[in-house]
file upload_6.cif (mmCIF, C-alpha atoms and all ligand atoms)
data_data
loop_
_atom_site.label_atom_id
_atom_site.label_comp_id
_atom_site.auth_asym_id
_atom_site.auth_seq_id
_atom_site.Cartn_x
_atom_site.Cartn_y
_atom_site.Cartn_z
CA CYS A 1 -0.18 23.77 5.43
CA MET A 2 -0.80 20.57 3.53
CA ARG A 3 -3.77 18.62 4.91
CA ILE A 4 -3.52 14.93 4.15
CA ILE A 5 -5.70 11.85 4.28
CA VAL A 6 -3.44 8.82 4.55
CA ASP A 7 -4.59 5.48 3.16
CA ALA A 8 -2.23 2.76 4.38
CA ASP A 9 -1.64 -0.88 5.31
CA PRO A 10 0.66 -0.51 8.37
CA GLY A 11 3.03 -2.13 7.82
CA ILE A 12 6.45 -1.05 9.06
CA ASP A 13 7.38 1.51 6.42
CA ASP A 14 3.81 2.85 6.54
CA ALA A 15 4.33 3.40 10.27
CA LEU A 16 7.58 5.26 9.65
CA ALA A 17 5.83 7.41 7.01
CA LEU A 18 3.30 8.45 9.68
CA TYR A 19 6.14 9.38 12.03
CA TYR A 20 7.74 11.37 9.24
CA LEU A 21 4.56 13.32 8.47
CA ARG A 22 3.88 13.88 12.16
CA ALA A 23 7.26 15.57 12.56
CA HIS A 24 6.39 18.26 9.99
CA ALA A 25 4.91 21.39 11.49
CA ASP A 26 3.30 22.56 8.24
CA THR A 27 1.60 19.22 7.59
CA GLU A 28 -1.59 17.90 9.10
CA ILE A 29 -2.84 14.34 8.89
CA VAL A 30 -6.62 14.77 8.98
CA ALA A 31 -7.76 11.14 8.78
CA ILE A 32 -6.43 7.65 8.17
CA GLY A 33 -7.98 4.82 6.17
CA THR A 34 -6.67 1.28 6.39
CA VAL A 35 -6.53 -1.43 3.79
CA HIS A 36 -5.52 -5.07 3.39
CA GLY A 37 -2.01 -5.53 2.05
CA ASN A 38 0.97 -6.09 4.28
CA VAL A 39 -1.37 -7.74 6.81
CA PRO A 40 -5.15 -8.36 6.97
CA VAL A 41 -7.12 -5.13 7.36
CA GLU A 42 -8.12 -5.80 10.99
CA GLN A 43 -4.43 -5.93 11.93
CA ALA A 44 -3.60 -2.88 9.81
CA THR A 45 -6.42 -1.03 11.57
CA ALA A 46 -5.23 -1.98 15.04
CA ASN A 47 -1.76 -0.79 14.07
CA ALA A 48 -3.07 2.50 12.68
CA LEU A 49 -4.94 3.09 15.97
CA ARG A 50 -1.77 2.28 17.95
CA LEU A 51 0.21 4.74 15.85
CA VAL A 52 -2.43 7.48 16.16
CA GLU A 53 -2.33 7.01 19.94
CA ARG A 54 1.45 6.98 20.19
CA LEU A 55 1.81 10.00 17.92
CA GLY A 56 -0.99 11.88 19.66
CA LEU A 57 -2.63 12.53 16.30
CA GLY A 58 -6.22 12.46 17.55
CA VAL A 59 -7.61 11.76 14.07
CA PRO A 60 -10.25 9.24 12.96
CA VAL A 61 -9.15 5.85 11.67
CA ALA A 62 -11.57 4.15 9.27
CA MET A 63 -11.23 0.46 8.51
CA GLY A 64 -11.17 -0.15 4.77
CA ALA A 65 -11.33 -3.03 2.36
CA ALA A 66 -10.58 -6.51 3.65
CA ARG A 67 -9.85 -7.89 0.20
CA PRO A 68 -8.91 -6.84 -3.32
CA LEU A 69 -11.64 -6.10 -5.88
CA ALA A 70 -11.12 -9.22 -7.97
CA GLN A 71 -8.58 -11.62 -6.50
CA PRO A 72 -8.00 -13.43 -3.22
CA LEU A 73 -6.33 -11.70 -0.27
CA MET A 74 -2.55 -11.98 -0.16
CA THR A 75 -0.43 -10.56 2.64
CA ALA A 76 3.27 -9.96 3.34
CA GLU A 77 4.07 -11.05 6.90
CA ASP A 78 7.55 -12.14 5.77
CA VAL A 79 8.47 -8.48 5.37
CA HIS A 80 6.41 -6.87 8.14
CA GLY A 81 5.96 -9.60 10.77
CA GLN A 82 2.81 -11.45 11.85
CA ASP A 83 1.47 -8.35 13.57
CA GLY A 84 2.57 -6.01 10.77
CA LEU A 85 4.94 -4.16 13.10
CA GLY A 86 7.77 -6.65 13.33
CA GLY A 87 6.39 -8.42 16.41
CA CYS A 88 6.48 -5.15 18.36
CA ALA A 89 2.91 -3.86 17.86
CA GLY A 90 2.34 -4.20 21.60
CA ASP A 91 -0.81 -3.68 23.63
CA GLU A 92 -4.27 -3.61 22.14
CA PRO A 93 -5.19 -0.08 21.10
CA ALA A 94 -7.31 1.85 23.61
CA THR A 95 -9.33 3.56 20.87
CA THR A 96 -11.57 2.19 18.11
CA CYS A 97 -12.11 2.99 14.47
CA THR A 98 -15.01 5.06 13.14
CA GLY A 99 -18.23 3.39 12.02
CA ARG A 100 -17.75 4.21 8.34
CA SER A 101 -15.47 2.51 5.86
CA ALA A 102 -12.24 4.07 4.64
CA ALA A 103 -13.81 4.59 1.19
CA GLU A 104 -16.83 6.35 2.74
CA GLN A 105 -14.53 8.47 4.88
CA LEU A 106 -12.40 9.47 1.88
CA ALA A 107 -15.43 10.38 -0.23
CA ALA A 108 -17.12 12.26 2.62
CA ARG A 109 -14.07 14.26 3.68
CA ALA A 110 -13.33 15.21 0.08
CA ARG A 111 -16.92 16.43 -0.36
CA GLU A 112 -16.86 18.39 2.89
CA GLU A 113 -13.69 20.29 1.95
CA PRO A 114 -13.50 20.38 -1.85
CA GLY A 115 -10.03 21.13 -3.16
CA GLU A 116 -8.56 21.37 0.35
CA LEU A 117 -7.36 17.84 1.08
CA SER A 118 -4.60 15.75 -0.44
CA LEU A 119 -4.33 11.97 -0.45
CA LEU A 120 -1.26 9.89 0.31
CA ALA A 121 -1.98 6.26 -0.63
CA ILE A 122 0.76 3.90 0.56
CA GLY A 123 -1.08 0.59 0.43
CA PRO A 124 -3.11 -1.26 -2.22
CA LEU A 125 -5.59 1.12 -3.90
CA THR A 126 -8.81 -0.78 -3.10
CA ASN A 127 -10.26 1.98 -0.87
CA VAL A 128 -9.52 4.69 -3.41
CA ALA A 129 -11.20 2.66 -6.17
CA LEU A 130 -14.25 2.12 -3.93
CA ALA A 131 -14.34 5.81 -3.03
CA LEU A 132 -14.45 6.61 -6.77
CA GLN A 133 -17.60 4.50 -7.03
CA ILE A 134 -19.19 6.34 -4.11
CA GLU A 135 -18.10 9.76 -5.36
CA PRO A 136 -17.19 9.94 -9.07
CA ARG A 137 -16.21 13.62 -8.62
CA LEU A 138 -13.38 12.55 -6.28
CA PRO A 139 -10.64 13.45 -8.83
CA ARG A 140 -11.86 17.05 -8.80
CA LEU A 141 -12.48 17.20 -5.05
CA LEU A 142 -8.98 16.20 -3.97
CA ASP A 143 -6.01 18.50 -4.30
CA LYS A 144 -2.86 16.43 -4.72
CA VAL A 145 -2.71 12.62 -4.86
CA VAL A 146 0.51 10.71 -4.24
CA VAL A 147 0.55 6.94 -4.64
CA MET A 148 3.36 4.60 -3.63
CA GLY A 149 3.42 1.80 -6.17
CA GLY A 150 4.78 0.42 -9.41
CA ALA A 151 8.08 -0.62 -10.93
CA LEU A 152 8.41 0.94 -14.35
CA THR A 153 12.01 0.36 -15.42
CA VAL A 154 13.28 -1.76 -12.52
CA PRO A 155 12.26 -5.27 -11.36
CA GLY A 156 9.13 -5.69 -9.28
CA ASN A 157 9.33 -6.80 -5.66
CA ILE A 158 6.67 -9.51 -5.91
CA THR A 159 7.03 -10.71 -9.47
CA SER A 160 9.54 -9.66 -12.11
CA TYR A 161 7.15 -6.94 -13.22
CA ALA A 162 4.83 -6.19 -10.31
CA GLU A 163 5.39 -4.05 -7.25
CA ALA A 164 3.53 -5.07 -4.08
CA ASN A 165 0.89 -2.34 -3.73
CA PHE A 166 -0.26 -2.66 -7.36
CA TRP A 167 0.06 -6.45 -7.31
CA HIS A 168 -2.17 -6.67 -4.20
CA ASP A 169 -5.04 -5.12 -6.17
CA PRO A 170 -4.31 -4.56 -9.87
CA GLU A 171 -7.93 -3.77 -10.79
CA ALA A 172 -8.13 -1.04 -8.14
CA ALA A 173 -4.83 0.52 -9.19
CA ASP A 174 -5.95 0.50 -12.81
CA LEU A 175 -9.22 2.28 -11.93
CA VAL A 176 -7.28 4.95 -10.06
CA LEU A 177 -4.99 5.51 -13.04
CA GLN A 178 -7.93 6.14 -15.34
CA ALA A 179 -10.02 8.22 -12.94
CA GLY A 180 -8.72 11.57 -14.16
CA PHE A 181 -6.95 12.88 -11.05
CA GLU A 182 -5.53 16.23 -12.02
CA ASP A 183 -2.40 16.11 -9.87
CA LEU A 184 -1.34 12.48 -9.53
CA THR A 185 2.20 11.48 -8.62
CA ILE A 186 3.35 7.87 -8.55
CA VAL A 187 6.36 7.00 -6.42
CA GLY A 188 7.52 3.54 -7.38
CA LEU A 189 10.45 1.19 -6.95
CA ASP A 190 12.50 3.15 -9.52
CA VAL A 191 13.20 5.65 -6.75
CA THR A 192 12.42 3.76 -3.54
CA MET A 193 14.75 0.84 -4.29
CA ALA A 194 17.48 3.35 -5.07
CA SER A 195 17.03 4.73 -1.56
CA HIS A 196 18.55 3.12 1.50
CA VAL A 197 18.48 4.03 5.17
CA PRO A 198 21.77 2.75 6.59
CA GLY A 199 22.19 0.65 9.72
CA GLU A 200 23.81 3.58 11.58
CA TRP A 201 20.62 5.61 11.21
CA LEU A 202 18.71 2.85 12.97
CA GLU A 203 21.41 2.43 15.63
CA ALA A 204 21.20 6.15 16.39
CA LEU A 205 17.52 5.96 17.42
CA PRO A 206 16.86 5.81 21.18
CA LEU A 207 16.96 2.18 22.30
CA ASP A 208 13.46 2.14 23.73
CA SER A 209 11.83 4.14 20.93
CA TYR A 210 8.91 2.48 19.13
CA PRO A 211 10.38 2.97 15.60
CA ARG A 212 13.66 1.39 16.64
CA LYS A 213 11.73 -1.64 17.84
CA PHE A 214 9.36 -2.06 14.91
CA LEU A 215 12.01 -1.30 12.26
CA ARG A 216 14.30 -4.15 13.40
CA PHE A 217 12.32 -6.93 11.70
CA TYR A 218 12.03 -4.95 8.47
CA ALA A 219 15.73 -4.10 8.50
CA ASP A 220 16.56 -7.80 9.04
CA PHE A 221 14.51 -8.63 5.95
CA TYR A 222 16.27 -6.01 3.82
CA GLU A 223 19.68 -6.87 5.23
CA SER A 224 19.30 -10.51 4.21
CA PHE A 225 18.10 -9.39 0.82
CA LEU A 226 20.55 -6.55 0.09
CA GLY A 227 23.54 -7.81 2.07
CA LYS A 228 24.08 -4.54 3.94
CA PRO A 229 22.64 -3.15 7.18
CA GLY A 230 19.62 -0.87 6.92
CA PHE A 231 16.34 -0.83 5.03
CA VAL A 232 14.47 0.53 2.02
CA PRO A 233 12.13 3.41 2.94
CA HIS A 234 9.34 2.99 0.34
CA ASP A 235 6.47 4.76 2.09
CA PRO A 236 8.50 7.48 3.91
CA LEU A 237 10.08 8.47 0.60
CA ALA A 238 6.62 8.78 -0.98
CA ALA A 239 5.58 10.98 1.96
CA ALA A 240 8.68 13.12 1.57
CA ILE A 241 8.13 13.56 -2.15
CA MET A 242 4.57 14.60 -1.41
CA LEU A 243 5.77 17.36 0.92
CA TYR A 244 8.79 18.32 -1.20
CA PRO A 245 8.05 17.60 -4.88
CA GLY A 246 11.45 19.07 -5.75
CA LEU A 247 13.10 16.02 -4.14
CA ALA A 248 12.35 14.05 -7.31
CA THR A 249 12.36 14.36 -11.07
CA TYR A 250 9.48 12.94 -13.04
CA ARG A 251 8.40 11.37 -16.27
CA GLU A 252 5.00 12.70 -17.27
CA ASP A 253 3.09 10.03 -19.06
CA ARG A 254 -0.13 8.06 -19.24
CA PHE A 255 -0.22 4.86 -17.22
CA ALA A 256 -2.18 1.65 -16.82
CA ILE A 257 -1.91 -1.63 -14.93
CA GLU A 258 -1.51 -4.88 -16.82
CA LEU A 259 -4.46 -7.03 -15.76
CA THR A 260 -4.25 -10.11 -17.95
CA GLY A 261 -0.58 -10.81 -18.59
CA ARG A 262 0.45 -14.34 -17.69
CA TYR A 263 3.71 -13.12 -16.17
CA THR A 264 3.00 -9.42 -15.98
CA ARG A 265 -0.30 -9.05 -14.09
CA GLY A 266 -0.02 -6.08 -11.74
CA ALA A 267 2.73 -4.40 -13.75
CA LEU A 268 2.66 -0.64 -14.24
CA VAL A 269 2.81 0.17 -17.94
CA ALA A 270 3.25 3.53 -19.65
CA ASP A 271 2.42 5.01 -23.00
CA ARG A 272 5.71 4.84 -24.89
CA ARG A 273 4.60 6.05 -28.28
CA PHE A 274 4.28 9.78 -27.72
CA LEU A 275 1.21 9.89 -29.97
CA ALA A 276 -0.36 13.20 -30.81
CA GLU A 277 -3.79 13.89 -29.27
CA GLY A 278 -6.49 12.44 -31.51
CA SER A 279 -4.10 10.03 -33.21
CA PRO A 280 -5.90 7.54 -35.49
CA PHE A 281 -3.97 4.59 -34.05
CA GLY A 282 -5.77 1.94 -32.00
CA ARG A 283 -7.09 2.37 -28.48
CA ASP A 284 -4.17 2.30 -26.14
CA ILE A 285 -2.87 3.77 -22.91
CA ALA A 286 -2.35 6.97 -24.90
CA THR A 287 -6.02 7.34 -25.73
CA GLU A 288 -7.59 6.00 -22.56
CA ARG A 289 -5.63 7.54 -19.73
CA THR A 290 -5.00 10.93 -18.19
CA LYS A 291 -1.51 12.08 -17.44
CA ALA A 292 0.34 11.35 -14.23
CA LYS A 293 3.86 11.94 -13.00
CA TYR A 294 6.13 9.02 -12.20
CA ALA A 295 9.23 9.72 -10.09
CA VAL A 296 12.40 8.67 -11.91
CA THR A 297 15.15 10.09 -9.71
CA ALA A 298 15.22 11.35 -6.13
CA ARG A 299 17.70 13.28 -4.02
CA HIS A 300 18.27 10.52 -1.50
CA ASP A 301 20.85 12.42 0.56
CA VAL A 302 18.44 15.30 1.13
CA PHE A 303 15.65 12.86 1.98
CA LEU A 304 17.84 10.99 4.46
CA ASP A 305 18.89 14.22 6.07
CA ARG A 306 15.25 15.20 6.64
CA LEU A 307 14.27 11.73 7.78
C1 LIG A 401 5.10 -1.24 -0.70
O1 LIG A 401 4.62 -2.52 -0.31
C2 LIG A 401 4.59 -2.63 1.09
O2 LIG A 401 5.31 -3.74 1.52
C3 LIG A 401 5.20 -1.39 1.66
O3 LIG A 401 4.51 -0.98 2.82
C4 LIG A 401 5.10 -0.37 0.55
O4 LIG A 401 3.91 0.38 0.63
C5 LIG A 401 6.45 -1.37 -1.35
O5 LIG A 401 6.36 -2.15 -2.50
CA CA A 402 2.54 0.33 2.61
#
call {"tool": "encode", "arguments": {"input": "upload_6.cif", "output": "C-alpha cells", "more": "lines below"}}
Ligand code: BDR
Ligand code: CA
result
Amino acid sequence: CMRIIVDADPGIDDALALYYLRAHADTEIVAIGTVHGNVPVEQATANALRLVERLGLGVPVAMGAARPLAQPLMTAEDVHGQDGLGGCAGDEPATTCTGRSAAEQLAARAREEPGELSLLAIGPLTNVALALQIEPRLPRLLDKVVVMGGALTVPGNITSYAEANFWHDPEAADLVLQAGFEDLTIVGLDVTMASHVPGEWLEALPLDSYPRKFLRFYADFYESFLGKPGFVPHDPLAAAIMLYPGLATYREDRFAIELTGRYTRGALVADRRFLAEGSPFGRDIATERTKAKYAVTARHDVFLDRL
C-alpha cells in the first residue's frame, strides 16, 4: 500500500487527482497540505477541506504558504474559477485545518515514519522548499516523490518556457531539484499536454456528481483553447504515474529551474552535455544537481481507462 502526502492547490485537476487516488484500494492519502497557486491558499484550503469531507478521507489538512519565496502571488482563476472549483465549490466546509503549516506537517510526518511516506506535489513547490529548511534530512526520510511541473521540450502554459507550477515559485522548485531526493519523478507538460480526457467521459459522469459540476468550467477553458470537447488531466496523470510508474517512460537527467532569464524565468532546464562525473568543465547543472526522472511518454489509453 502506498501511503501518500498530497501537497496541492485545488484547483480543479487537483480535485480530480484526489478523487482518482481515493478510488484506489491499495493507496492511502495520509495528509494534505495546501499552497497558493491556482487560487489564494485560503481558498485552496477550504477546497481541500471540502474534498476531504466529500471523499470521507478523514485526514488532516494543513494550510501552507500564502505566497512564493521570492516573487509576488499570482493566481489562475481564469482556468479554475474564482473559487478554484469552477464556481461549484459550494457550502463552507464543516471542518477546519490543523494548527501547523503544511511545511511543518510534511517535515513532522516524514520524521515520524521515516522511509514510509511518499509525496505527491501537484501545486507550486513552496511548502516542500520550506519543509527542507525545517528538516534538511527530508530527501532521505521520504520514499518516492512525484512532482507535477515543467515543460522540457514543449511550450510552457504560462510563458513560452514556463509551466504554471514552476512559474508560480521558481526559487522553490529549484531548491527541490537540488535537495537530493533519491527517487524524484517529474511529470510535466510533455506528457500531460499529450493527454486528453474527451467530452464523452465528462458526459458519462452522473449529472449531480461533484466532479461533473466542478470539471465543467475547466473543460470550457480547455475546449476554447484546444477546439475540442474535454480537458487536460495534468494532476490526475501525475497521480496515476505515481501509482503505476510503468505508465510512462522517462529521461533520467539532472535538472534546474531558470531563475534569471528575461524570457525564460521558471523554465525547467536539463543537463544536455552528458558529462562524466568529475568533469573539469565549469559548474553547471551536471555538477550541481542530483538525478531525477522526467516523464517523456505516457500510455494515455491505459490512463484514461483507469480514470
Ligand atoms: C498545473 O498548474 C495548475 O493549473 C494545475 O492544477 C496543474 O497542477 C499544470 O500546469
Ligand atoms: Ca495543481
call {"tool": "residues_near_ligand", "arguments": {"input": "upload_6.cif", "ligand": "ligand CA 402 (chain A)", "cutoff": "8 Å", "atoms": "all atoms listed in the file", "output": "VMD selection string"}}
result
chain A and resid 8 to 14 37 to 38 122 to 124 148 165 234 to 235
call {"tool": "residues_around", "arguments": {"input": "upload_6.cif", "residues": "Ala292 in chain A", "least_positions_apart": "3", "cutoff": "12 Å", "atoms": "all atoms listed in the file", "output": "list in words"}}
result
Lys144, Val145, Val146, Val147, Val176, Leu177, Gln178, Ala179, Gly180, Phe181, Glu182, Asp183, Leu184, Thr185, Ile186, Val187, Tyr250, Arg251, Glu252, Asp253, Arg254, Phe255, Ala256, Ala270, Asp271, Ile285, Ala286, Arg289 and Ala295 of chain A
call {"tool": "closest_residue", "arguments": {"input": "upload_6.cif", "among": "A:Arg109, A:Arg3, A:His168, A:Arg140", "to": "Ala267 in chain A", "atoms": "all atoms listed in the file"}}
result
A:His168
call {"tool": "closest_residue", "arguments": {"input": "upload_6.cif", "among": "A:Ile4, A:Leu202, A:Leu120, A:Ala172", "to": "ligand LIG 401 (chain A)", "atoms": "only C-alpha atoms and all ligand atoms"}}
result
A:Leu120
call {"tool": "axis_aligned_box", "arguments": {"input": "upload_6.cif", "around": "ligand LIG 401 (chain A)", "padding_each_side": "8 Å", "output": "lines of an AutoDock Vina configuration file"}}
result
center_x = 5.2
center_y = -1.7
center_z = 0.2
size_x = 18.5
size_y = 20.1
size_z = 21.3
call {"tool": "residues_around", "arguments": {"input": "upload_6.cif", "residues": "Ile134 in chain A", "least_positions_apart": "3", "cutoff": "7 Å", "atoms": "all atoms listed in the file", "output": "list in words"}}
result
Ala107, Leu130 and Ala131 of chain A
call {"tool": "atom_distance", "arguments": {"input": "upload_6.cif", "atom1": "CA of Ala194 in chain A", "atom2": "CA of Gly230 in chain A"}}
result
12.9 Å
call {"tool": "residues_around", "arguments": {"input": "upload_6.cif", "residues": "Val30 in chain A", "least_positions_apart": "6", "cutoff": "9 Å", "atoms": "only C-alpha atoms", "output": "VMD selection string"}}
result
chain A and resid 3 to 6 57 to 60 117
call {"tool": "residues_near_point", "arguments": {"input": "upload_6.cif", "point": "(-2.5, -4.5, -8.4)", "cutoff": "10 Å", "atoms": "all atoms listed in the file", "output": "list in words"}}
result
Pro68, Leu69, Ala70, Gln71, Pro124, Leu125, Thr126, Gly149, Gly150, Ala162, Glu163, Ala164, Asn165, Phe166, Trp167, His168, Asp169, Pro170, Glu171, Ala172, Ala173, Asp174, Ile257, Glu258, Leu259, Arg265, Gly266, Ala267 and Leu268 of chain A
call {"tool": "closest_residue", "arguments": {"input": "upload_6.cif", "among": "A:Asp190, A:Glu203, A:Ser160, A:Tyr210", "to": "Gly90 in chain A", "atoms": "all atoms listed in the file"}}
result
A:Tyr210
call {"tool": "closest_residue", "arguments": {"input": "upload_6.cif", "among": "A:Val79, A:Ile32, A:Leu304, A:Val232", "to": "Ala121 in chain A", "atoms": "all atoms listed in the file"}}
result
A:Ile32
call {"tool": "closest_residue", "arguments": {"input": "upload_6.cif", "among": "A:Pro280, A:Pro236, A:Gly246, A:Gly261", "to": "ligand LIG 401 (chain A)", "atoms": "only C-alpha atoms and all ligand atoms"}}
result
A:Pro236
call {"tool": "residues_around", "arguments": {"input": "upload_6.cif", "residues": "Leu307 in chain A", "least_positions_apart": "3", "cutoff": "10 Å", "atoms": "only C-alpha atoms", "output": "PyMOL selection string"}}
result
chain A and resi 16-17+19-21+23+197+201+233+236-237+240+301-304
call {"tool": "closest_residue", "arguments": {"input": "upload_6.cif", "among": "A:Val52, A:Ala65, A:Val296, A:Ala44", "to": "ligand LIG 401 (chain A)", "atoms": "all atoms listed in the file"}}
result
A:Ala44
call {"tool": "residues_around", "arguments": {"input": "upload_6.cif", "residues": "range 75-78 of chain A", "least_positions_apart": "4", "cutoff": "8 Å", "atoms": "only C-alpha atoms", "output": "number ranges by chain"}}
result
A: 36-40, 82-84, 221
call {"tool": "atom_distance", "arguments": {"input": "upload_6.cif", "atom1": "CA of Val61 in chain A", "atom2": "CA of Met74 in chain A"}}
result
22.4 Å
call {"tool": "atom_distance", "arguments": {"input": "upload_6.cif", "atom1": "CA of Leu55 in chain A", "atom2": "CA of Pro211 in chain A"}}
result
11.3 Å
call {"tool": "build_atoms", "arguments": {"input": "upload_6.cif", "residues": "range 65-76 of chain A", "atoms": "N, CA and C atoms", "output": "CSV table (one decimal), keeping the file's coordinate frame"}}
result
chain,number,residue,atom,x,y,z
A,65,ALA,N,-11.1,-1.8,3.0
A,65,ALA,CA,-11.3,-3.0,2.4
A,65,ALA,C,-10.5,-4.2,2.9
A,66,ALA,N,-11.2,-5.3,3.1
A,66,ALA,CA,-10.6,-6.5,3.6
A,66,ALA,C,-10.0,-7.4,2.5
A,67,ARG,N,-10.4,-7.1,1.3
A,67,ARG,CA,-9.8,-7.9,0.2
A,67,ARG,C,-9.8,-7.1,-1.1
A,68,PRO,N,-9.0,-7.5,-2.0
A,68,PRO,CA,-8.9,-6.8,-3.3
A,68,PRO,C,-10.2,-6.9,-4.1
A,69,LEU,N,-10.4,-6.1,-5.1
A,69,LEU,CA,-11.6,-6.1,-5.9
A,69,LEU,C,-11.9,-7.4,-6.6
A,70,ALA,N,-10.9,-8.1,-7.1
A,70,ALA,CA,-11.1,-9.2,-8.0
A,70,ALA,C,-10.2,-10.4,-7.8
A,71,GLN,N,-9.5,-10.5,-6.7
A,71,GLN,CA,-8.6,-11.6,-6.5
A,71,GLN,C,-8.5,-11.9,-5.0
A,72,PRO,N,-8.0,-13.1,-4.6
A,72,PRO,CA,-8.0,-13.4,-3.2
A,72,PRO,C,-7.0,-12.5,-2.5
A,73,LEU,N,-7.2,-12.5,-1.1
A,73,LEU,CA,-6.3,-11.7,-0.3
A,73,LEU,C,-5.0,-12.3,-0.2
A,74,MET,N,-3.9,-11.5,-0.3
A,74,MET,CA,-2.6,-12.0,-0.2
A,74,MET,C,-1.8,-11.0,0.7
A,75,THR,N,-1.1,-11.5,1.7
A,75,THR,CA,-0.4,-10.6,2.6
A,75,THR,C,1.1,-10.8,2.6
A,76,ALA,N,1.8,-10.0,3.4
A,76,ALA,CA,3.3,-10.0,3.3
A,76,ALA,C,3.9,-10.0,4.7
